[in-house]
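S.K.: Dropping in upload01.txt, with compact mmCIF, C-alpha atoms.
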# COMPACT_ATOMS: atom_id res chain seq x y z
CA ASP A 1 -11.36 8.10 -35.36
CA GLY A 2 -14.58 10.02 -35.80
CA GLY A 3 -16.42 11.09 -32.71
CA ILE A 4 -17.32 13.74 -30.19
CA THR A 5 -14.86 15.06 -27.64
CA GLN A 6 -15.72 17.01 -24.53
CA SER A 7 -13.29 18.80 -22.27
CA PRO A 8 -12.47 18.99 -19.51
CA LYS A 9 -13.67 15.75 -17.93
CA TYR A 10 -14.06 17.51 -14.57
CA LEU A 11 -14.58 21.23 -14.01
CA PHE A 12 -14.77 23.19 -10.80
CA ARG A 13 -16.61 26.47 -10.57
CA LYS A 14 -16.35 29.10 -7.90
CA GLU A 15 -19.29 31.26 -6.87
CA GLY A 16 -19.94 34.06 -9.37
CA GLN A 17 -17.69 32.56 -12.02
CA ASN A 18 -18.55 31.76 -15.62
CA VAL A 19 -17.13 28.54 -16.99
CA THR A 20 -17.08 27.16 -20.53
CA LEU A 21 -17.44 23.52 -21.52
CA SER A 22 -15.96 22.47 -24.82
CA CYS A 23 -17.62 20.17 -27.38
CA GLU A 24 -16.00 19.26 -30.68
CA GLN A 25 -17.14 16.77 -33.32
CA ASN A 26 -15.43 15.52 -36.46
CA LEU A 27 -18.45 13.63 -37.80
CA ASN A 28 -19.45 16.44 -40.17
CA HIS A 29 -22.81 16.63 -38.44
CA ASP A 30 -25.04 19.66 -38.90
CA ALA A 31 -26.93 19.48 -35.59
CA MET A 32 -25.49 19.68 -32.09
CA TYR A 33 -27.08 19.55 -28.64
CA TRP A 34 -26.32 20.16 -24.98
CA TYR A 35 -28.02 18.13 -22.24
CA ARG A 36 -27.82 18.29 -18.49
CA GLN A 37 -28.06 15.08 -16.46
CA ASP A 38 -29.02 15.00 -12.79
CA PRO A 39 -29.46 11.81 -10.76
CA GLY A 40 -32.96 10.39 -11.14
CA GLN A 41 -34.03 13.02 -13.68
CA GLY A 42 -32.76 11.70 -16.96
CA LEU A 43 -31.41 14.14 -19.50
CA ARG A 44 -32.81 17.60 -20.14
CA LEU A 45 -32.12 19.71 -23.22
CA ILE A 46 -30.32 23.02 -22.60
CA TYR A 47 -29.62 24.33 -26.13
CA TYR A 48 -29.47 22.93 -29.62
CA SER A 49 -28.16 24.08 -32.97
CA GLN A 50 -29.39 22.88 -36.34
CA ILE A 51 -26.74 24.67 -38.36
CA VAL A 52 -23.77 26.99 -38.03
CA ASN A 53 -24.56 30.47 -36.66
CA ASP A 54 -27.97 29.34 -35.43
CA PHE A 55 -29.13 27.93 -32.10
CA GLN A 56 -32.33 27.64 -30.06
CA LYS A 57 -33.15 27.35 -26.38
CA GLY A 58 -34.15 24.00 -25.01
CA ASP A 59 -36.16 23.24 -21.90
CA ILE A 60 -33.72 24.60 -19.31
CA ALA A 61 -31.71 27.37 -21.03
CA GLU A 62 -31.75 29.89 -18.18
CA GLY A 63 -28.26 30.54 -16.85
CA TYR A 64 -26.56 29.07 -19.91
CA SER A 65 -25.28 30.45 -23.21
CA VAL A 66 -23.87 28.88 -26.38
CA SER A 67 -22.28 29.81 -29.69
CA ARG A 68 -21.97 27.97 -32.99
CA GLU A 69 -19.35 29.78 -35.05
CA LYS A 70 -17.94 26.60 -36.58
CA LYS A 71 -19.69 23.44 -37.70
CA GLU A 72 -17.53 21.22 -35.52
CA SER A 73 -17.71 23.24 -32.30
CA PHE A 74 -20.56 24.03 -29.89
CA PRO A 75 -19.23 25.41 -26.57
CA LEU A 76 -21.52 25.84 -23.57
CA THR A 77 -20.99 28.60 -21.01
CA VAL A 78 -22.44 28.15 -17.55
CA THR A 79 -22.96 31.66 -16.22
CA SER A 80 -23.13 32.91 -12.66
CA ALA A 81 -26.90 33.20 -13.15
CA GLN A 82 -27.16 29.39 -13.03
CA LYS A 83 -27.62 28.86 -9.32
CA ASN A 84 -27.42 25.09 -9.28
CA PRO A 85 -24.85 24.13 -11.91
CA THR A 86 -23.59 20.91 -10.35
CA ALA A 87 -24.45 18.20 -12.89
CA PHE A 88 -23.12 15.97 -15.65
CA TYR A 89 -23.18 17.77 -19.01
CA LEU A 90 -23.46 15.82 -22.24
CA CYS A 91 -22.95 17.09 -25.75
CA ALA A 92 -24.46 15.28 -28.72
CA SER A 93 -24.60 15.64 -32.48
CA SER A 94 -26.65 14.25 -35.35
CA MET A 95 -26.30 14.33 -39.12
CA ARG A 96 -29.35 16.55 -39.37
CA SER A 97 -32.11 17.54 -36.98
CA GLY A 98 -34.80 15.22 -38.34
CA ARG A 99 -37.03 13.19 -36.05
CA GLY A 100 -35.48 9.83 -36.79
CA GLU A 101 -31.88 10.99 -36.60
CA THR A 102 -29.63 9.20 -34.16
CA GLN A 103 -27.87 11.48 -31.71
CA TYR A 104 -24.29 10.55 -30.87
CA PHE A 105 -23.02 11.53 -27.44
CA GLY A 106 -19.69 12.67 -26.12
CA PRO A 107 -18.15 11.31 -22.88
CA GLY A 108 -19.46 14.20 -20.75
CA THR A 109 -18.12 16.86 -18.41
CA ARG A 110 -18.84 16.77 -14.69
CA LEU A 111 -19.21 20.27 -13.24
CA LEU A 112 -18.78 20.77 -9.52
CA VAL A 113 -19.18 23.94 -7.46
CA LEU A 114 -16.50 24.81 -4.92
CA ALA B 1 -45.22 17.87 -25.28
CA GLN B 2 -44.46 14.21 -25.31
CA SER B 3 -43.29 12.32 -22.27
CA VAL B 4 -41.63 9.01 -21.49
CA THR B 5 -42.15 6.96 -18.36
CA GLN B 6 -39.72 4.36 -17.11
CA LEU B 7 -41.50 2.87 -14.13
CA ASP B 8 -38.57 0.90 -12.73
CA SER B 9 -35.69 2.96 -11.40
CA GLN B 10 -33.68 -0.18 -10.61
CA VAL B 11 -33.86 -3.74 -11.89
CA PRO B 12 -31.67 -6.39 -10.26
CA VAL B 13 -31.22 -9.65 -12.17
CA PHE B 14 -28.95 -12.67 -12.02
CA GLU B 15 -26.50 -13.35 -14.80
CA GLU B 16 -27.91 -15.44 -17.67
CA ALA B 17 -31.49 -14.62 -16.65
CA PRO B 18 -33.84 -12.75 -19.00
CA VAL B 19 -34.68 -9.11 -18.39
CA GLU B 20 -37.32 -6.63 -19.48
CA LEU B 21 -36.98 -2.88 -18.96
CA ARG B 22 -40.26 -1.07 -19.31
CA CYS B 23 -40.94 2.15 -21.22
CA ASN B 24 -44.25 3.87 -21.87
CA TYR B 25 -44.73 7.00 -23.93
CA SER B 26 -47.52 9.53 -24.27
CA SER B 27 -48.39 10.42 -27.81
CA SER B 28 -51.35 10.02 -30.10
CA VAL B 29 -49.34 10.69 -33.22
CA SER B 30 -46.60 8.75 -34.91
CA VAL B 31 -43.59 8.31 -32.69
CA TYR B 32 -39.93 7.66 -33.11
CA LEU B 33 -38.51 5.82 -30.11
CA PHE B 34 -35.00 5.13 -28.93
CA TRP B 35 -33.17 3.12 -26.27
CA TYR B 36 -29.76 4.30 -25.10
CA VAL B 37 -27.31 2.73 -22.63
CA GLN B 38 -24.97 4.62 -20.33
CA TYR B 39 -22.03 3.01 -18.54
CA PRO B 40 -20.72 4.77 -15.40
CA ASN B 41 -19.28 8.24 -16.05
CA GLN B 42 -19.65 7.88 -19.80
CA GLY B 43 -21.84 9.26 -22.55
CA LEU B 44 -24.86 7.51 -24.02
CA GLN B 45 -24.68 4.85 -26.71
CA LEU B 46 -27.59 3.95 -28.99
CA LEU B 47 -28.92 0.41 -28.48
CA LEU B 48 -31.76 0.53 -30.99
CA LYS B 49 -34.48 2.72 -32.44
CA TYR B 50 -37.96 2.38 -33.89
CA LEU B 51 -38.98 4.61 -36.78
CA SER B 52 -41.57 2.55 -38.63
CA GLY B 53 -42.15 -0.92 -40.05
CA SER B 54 -41.66 -4.07 -38.03
CA THR B 55 -42.67 -3.64 -34.42
CA LEU B 56 -39.83 -5.87 -33.22
CA VAL B 57 -36.55 -4.00 -33.34
CA LYS B 58 -33.20 -5.68 -32.84
CA GLY B 59 -30.25 -3.76 -31.51
CA ILE B 60 -26.68 -4.21 -30.40
CA ASN B 61 -25.43 -6.51 -27.64
CA GLY B 62 -28.37 -8.91 -28.06
CA PHE B 63 -31.05 -6.42 -27.02
CA GLU B 64 -34.42 -6.08 -28.72
CA ALA B 65 -37.51 -3.98 -28.17
CA GLU B 66 -41.12 -4.26 -29.19
CA PHE B 67 -43.23 -1.29 -30.21
CA ASN B 68 -46.83 -1.67 -29.04
CA LYS B 69 -49.03 1.15 -30.24
CA SER B 70 -52.19 0.06 -28.40
CA GLN B 71 -50.36 -0.02 -25.08
CA THR B 72 -48.07 2.94 -25.94
CA SER B 73 -45.08 0.89 -24.85
CA PHE B 74 -41.59 0.19 -26.10
CA HIS B 75 -40.13 -2.35 -23.67
CA LEU B 76 -36.52 -3.46 -23.94
CA ARG B 77 -35.65 -7.15 -23.56
CA LYS B 78 -32.67 -9.44 -23.48
CA PRO B 79 -33.05 -13.22 -23.16
CA SER B 80 -29.83 -13.74 -21.19
CA VAL B 81 -27.92 -10.93 -19.51
CA HIS B 82 -24.24 -10.73 -18.82
CA ILE B 83 -22.43 -8.96 -15.99
CA SER B 84 -21.19 -6.43 -18.56
CA ASP B 85 -24.80 -5.32 -19.17
CA THR B 86 -24.78 -3.56 -15.81
CA ALA B 87 -25.51 0.05 -16.75
CA GLU B 88 -28.26 2.66 -16.89
CA TYR B 89 -30.76 2.44 -19.71
CA PHE B 90 -32.73 5.37 -21.10
CA CYS B 91 -35.83 5.34 -23.26
CA ALA B 92 -36.43 8.44 -25.39
CA VAL B 93 -38.95 9.84 -27.85
CA SER B 94 -38.20 12.27 -30.64
CA GLU B 95 -40.43 15.31 -31.03
CA ARG B 96 -40.49 18.54 -32.98
CA VAL B 97 -39.54 21.74 -31.21
CA THR B 98 -40.40 25.40 -31.72
CA GLY B 99 -38.16 27.00 -34.30
CA GLY B 100 -37.72 23.81 -36.23
CA GLY B 101 -35.60 20.83 -35.50
CA ASN B 102 -36.22 17.92 -33.20
CA LYS B 103 -35.24 16.94 -29.72
CA LEU B 104 -35.10 13.78 -27.67
CA THR B 105 -37.22 13.63 -24.54
CA PHE B 106 -35.77 11.10 -22.15
CA GLY B 107 -37.22 8.97 -19.40
CA THR B 108 -35.63 9.04 -15.97
CA GLY B 109 -33.64 5.89 -16.64
CA THR B 110 -33.52 2.33 -15.31
CA GLN B 111 -30.43 1.06 -13.54
CA LEU B 112 -29.84 -2.57 -14.52
CA LYS B 113 -27.69 -4.44 -12.04
CA VAL B 114 -26.58 -7.90 -13.07
CA GLU B 115 -25.46 -10.11 -10.22
CA LEU B 116 -23.48 -13.35 -10.25
Mind turning the file's structure into structure tokens?

M.R.:
Amino acid sequence: DGGITQSPKYLFRKEGQNVTLSCEQNLNHDAMYWYRQDPGQGLRLIYYSQIVNDFQKGDIAEGYSVSREKKESFPLTVTSAQKNPTAFYLCASSMRSGRGETQYFGPGTRLLVL
Amino acid sequence: AQSVTQLDSQVPVFEEAPVELRCNYSSSVSVYLFWYVQYPNQGLQLLLKYLSGSTLVKGINGFEAEFNKSQTSFHLRKPSVHISDTAEYFCAVSERVTGGGNKLTFGTGTQLKVEL
């Protein structure tokens, strides 16, 4: 089955710790995205990548980092600089990064701070 | 930057009743609009999208939306809801971003609760 997988489903972070959220897609999509979802705020774009070895900051990139070394993988690291990381994180991909392209979403990772 | 407003944070409705979820956008240029649905603790699933052409767009699960340029709206409707439609619904607009590419700007969501 083609789709987007995110792991883990739940992740716990201690103070001062960096954690990495995994996102893998087997849809052969060029573009990939990371969103953060907080209750009552909708989804906000953290980072996006149009192609391998390239990525750009979204609206709320501070405290986060990404890499895009392979087409199918776009991991997100939540660094210790992100002071309020508790949220639901969603990864998405699209065939290309055009305006009308449908973004397909993974099942999400819920990050909690201990 | 474009924005999307979903005025209703929650909409309760009885099963088999019709429902309308409202979405307004801010843009004076051509827009591409989307409706997504999210079931609890899951990712988002596309319901429908408007790119151009007919202003009435039909989607999955019996939903449809009408693009109204003069009122800058893209309201989602279903003539008869089912208990399984209980979920959160997000309206989104696509816009270009610095450095190339496009992003989706989402509204804050509307929680649809279908009651028996």

S.K.: Please write as a list in words the list of polymer residues whose atoms come within 10 Å of (-32.1, -13.3, -24.3), counting all atoms listed in the file and keeping to the coordinates of the file.

M.R.: Glu16, Ala17, Pro18, Val19, Glu20, Gly62, Phe63, Glu64, Arg77, Lys78, Pro79, Ser80, Val81 and His82 of chain B

S.K.: Using C-alpha atoms, can you write the selected residues to a file as a PDB file, in the coordinates of the input?

M.R.:
ATOM      1  CA  GLU B  16     -27.910 -15.440 -17.670  1.00  0.00           C
ATOM      2  CA  ALA B  17     -31.490 -14.620 -16.650  1.00  0.00           C
ATOM      3  CA  PRO B  18     -33.840 -12.750 -19.000  1.00  0.00           C
ATOM      4  CA  VAL B  19     -34.680  -9.110 -18.390  1.00  0.00           C
ATOM      5  CA  GLU B  20     -37.320  -6.630 -19.480  1.00  0.00           C
ATOM      6  CA  GLY B  62     -28.370  -8.910 -28.060  1.00  0.00           C
ATOM      7  CA  PHE B  63     -31.050  -6.420 -27.020  1.00  0.00           C
ATOM      8  CA  GLU B  64     -34.420  -6.080 -28.720  1.00  0.00           C
ATOM      9  CA  ARG B  77     -35.650  -7.150 -23.560  1.00  0.00           C
ATOM     10  CA  LYS B  78     -32.670  -9.440 -23.480  1.00  0.00           C
ATOM     11  CA  PRO B  79     -33.050 -13.220 -23.160  1.00  0.00           C
ATOM     12  CA  SER B  80     -29.830 -13.740 -21.190  1.00  0.00           C
ATOM     13  CA  VAL B  81     -27.920 -10.930 -19.510  1.00  0.00           C
ATOM     14  CA  HIS B  82     -24.240 -10.730 -18.820  1.00  0.00           C
TER      15      HIS B  82
END

S.K.: Got a sec to pull out which chain A residues are within 6 Å of chain B, counting only C-alpha atoms, and send them as a tab-separated table (two decimals) with C-alpha atoms, keeping the file's coordinate frame?

M.R.:
chain	number	residue	atom	x	y	z
A	40	GLY	CA	-32.96	10.39	-11.14
A	41	GLN	CA	-34.03	13.02	-13.68
A	42	GLY	CA	-32.76	11.70	-16.96
A	43	LEU	CA	-31.41	14.14	-19.50
A	97	SER	CA	-32.11	17.54	-36.98
A	98	GLY	CA	-34.80	15.22	-38.34
A	99	ARG	CA	-37.03	13.19	-36.05
A	105	PHE	CA	-23.02	11.53	-27.44
A	106	GLY	CA	-19.69	12.67	-26.12
A	107	PRO	CA	-18.15	11.31	-22.88
A	108	GLY	CA	-19.46	14.20	-20.75

S.K.: Could you state the separation of CA of Arg96 in chain A and CA of Met32 in chain A in Å, given to one decimal place?

M.R.: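 Between CA of Arg96 in chain A and CA of Met32 in chain A the gap works out to 8.8 Å.
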
S.K.: Expressed in Å to a single decimal, how great is the separation between CA of Leu111 in chain A and CA of Leu7 in chain B?

M.R.: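 Distance reported for this atom pair: 28.3 Å.
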
S.K.: Excluding same-chain residues fewer than 5 positions from Gln82 in chain A, what lies within 12 Å of it counting only C-alpha atoms, as a VMD selection string?

M.R.: chain A and resid 13 to 19 46 60 to 65 77 87 113

S.K.: Around range 41-59 of chain A, with edges along x, y and z and 3 Å added on all six sides, what centre and edge lengths do you get, in Å to one decimal, as AutoDock Vina command-line options?

M.R.:
--center_x -30.0 --center_y 21.1 --center_z -26.0 --size_x 18.4 --size_y 24.8 --size_z 30.7

S.K.: What does the distance from CA of Leu45 in chain A to CA of Leu90 in chain A come to in Å, to one decimal?

M.R.: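 Distance between the two atoms: 9.5 Å.
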
S.K.: Kindly indicate which residue among B:Val57, B:Leu116, B:Val37, B:Val4 lies nearest to Asn24 in chain B, using only C-alpha atoms for the distances.

M.R.: B:Val4

S.K.: Hey, which of A:Leu11, A:Ile4, A:Cys91, A:Ala31 ends up closest to Gln50 in chain A? Count all atoms listed in the file.

M.R.: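 Among the listed residues, the smallest separation from Gln50 in chain A belongs to A:Ala31.
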
S.K.: Please list, as a PyMOL selection string, the residues that have an atom at most 9 Å away from (-46.3, 11.5, -17.7) in the coordinates of this file, counting all atoms listed in the file.

M.R.: chain B and resi 2-5+24-26

S.K.: Let me see the file: selected residues, C-alpha atoms, as a compact mmCIF listing (two decimals), keeping the file's coordinate frame.

M.R.:
# COMPACT_ATOMS: atom_id res chain seq x y z
CA GLN B 2 -44.46 14.21 -25.31
CA SER B 3 -43.29 12.32 -22.27
CA VAL B 4 -41.63 9.01 -21.49
CA THR B 5 -42.15 6.96 -18.36
CA ASN B 24 -44.25 3.87 -21.87
CA TYR B 25 -44.73 7.00 -23.93
CA SER B 26 -47.52 9.53 -24.27

S.K.: Could you name the residues that touch range 66-70 of chain A at 10 Å or less, counting all atoms listed in the file, but leaving out those on the same chain fewer than 5 positions away, as a ChimeraX atom specification?

M.R.: /A:20-21,24,32,34,46-57,61,75-78

S.K.: Would you mind putting back N, CA, C and O atoms on range 61-74 of chain A, then writing it out as an mmCIF file, in the coordinates of the input?

M.R.:
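part10.cif, written as the output of this step:
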data_model
loop_
_atom_site.group_PDB
_atom_site.id
_atom_site.type_symbol
_atom_site.label_atom_id
_atom_site.label_comp_id
_atom_site.auth_asym_id
_atom_site.auth_seq_id
_atom_site.Cartn_x
_atom_site.Cartn_y
_atom_site.Cartn_z
ATOM 1 N N ALA A 61 -32.781 26.505 -20.532
ATOM 2 C CA ALA A 61 -31.710 27.370 -21.030
ATOM 3 C C ALA A 61 -31.280 28.460 -20.053
ATOM 4 O O ALA A 61 -30.195 29.032 -20.208
ATOM 5 N N GLU A 62 -32.083 28.779 -19.068
ATOM 6 C CA GLU A 62 -31.750 29.890 -18.180
ATOM 7 C C GLU A 62 -30.444 29.651 -17.440
ATOM 8 O O GLU A 62 -30.241 28.608 -16.828
ATOM 9 N N GLY A 63 -29.554 30.653 -17.516
ATOM 10 C CA GLY A 63 -28.260 30.540 -16.850
ATOM 11 C C GLY A 63 -27.177 29.935 -17.718
ATOM 12 O O GLY A 63 -26.052 29.740 -17.263
ATOM 13 N N TYR A 64 -27.504 29.647 -18.954
ATOM 14 C CA TYR A 64 -26.560 29.070 -19.910
ATOM 15 C C TYR A 64 -26.506 29.903 -21.179
ATOM 16 O O TYR A 64 -27.466 30.591 -21.513
ATOM 17 N N SER A 65 -25.379 29.834 -21.896
ATOM 18 C CA SER A 65 -25.280 30.450 -23.210
ATOM 19 C C SER A 65 -24.417 29.577 -24.100
ATOM 20 O O SER A 65 -23.606 28.776 -23.615
ATOM 21 N N VAL A 66 -24.621 29.690 -25.413
ATOM 22 C CA VAL A 66 -23.870 28.880 -26.380
ATOM 23 C C VAL A 66 -23.478 29.746 -27.565
ATOM 24 O O VAL A 66 -23.969 30.862 -27.737
ATOM 25 N N SER A 67 -22.618 29.205 -28.403
ATOM 26 C CA SER A 67 -22.280 29.810 -29.690
ATOM 27 C C SER A 67 -22.057 28.681 -30.672
ATOM 28 O O SER A 67 -21.741 27.550 -30.285
ATOM 29 N N ARG A 68 -22.227 28.981 -31.950
ATOM 30 C CA ARG A 68 -21.970 27.970 -32.990
ATOM 31 C C ARG A 68 -21.332 28.687 -34.180
ATOM 32 O O ARG A 68 -21.945 28.927 -35.211
ATOM 33 N N GLU A 69 -20.083 29.040 -34.015
ATOM 34 C CA GLU A 69 -19.350 29.780 -35.050
ATOM 35 C C GLU A 69 -18.724 28.842 -36.075
ATOM 36 O O GLU A 69 -18.420 29.248 -37.192
ATOM 37 N N LYS A 70 -18.501 27.606 -35.690
ATOM 38 C CA LYS A 70 -17.940 26.600 -36.580
ATOM 39 C C LYS A 70 -18.801 25.355 -36.536
ATOM 40 O O LYS A 70 -19.383 25.033 -35.485
ATOM 41 N N LYS A 71 -18.848 24.633 -37.623
ATOM 42 C CA LYS A 71 -19.690 23.440 -37.700
ATOM 43 C C LYS A 71 -19.286 22.409 -36.646
ATOM 44 O O LYS A 71 -20.126 21.725 -36.086
ATOM 45 N N GLU A 72 -18.005 22.293 -36.390
ATOM 46 C CA GLU A 72 -17.530 21.220 -35.520
ATOM 47 C C GLU A 72 -17.531 21.569 -34.041
ATOM 48 O O GLU A 72 -17.250 20.718 -33.212
ATOM 49 N N SER A 73 -17.855 22.812 -33.682
ATOM 50 C CA SER A 73 -17.710 23.240 -32.300
ATOM 51 C C SER A 73 -18.983 23.865 -31.754
ATOM 52 O O SER A 73 -19.629 24.687 -32.431
ATOM 53 N N PHE A 74 -19.330 23.520 -30.506
ATOM 54 C CA PHE A 74 -20.560 24.030 -29.890
ATOM 55 C C PHE A 74 -20.304 24.205 -28.389
ATOM 56 O O PHE A 74 -20.792 23.432 -27.557
#
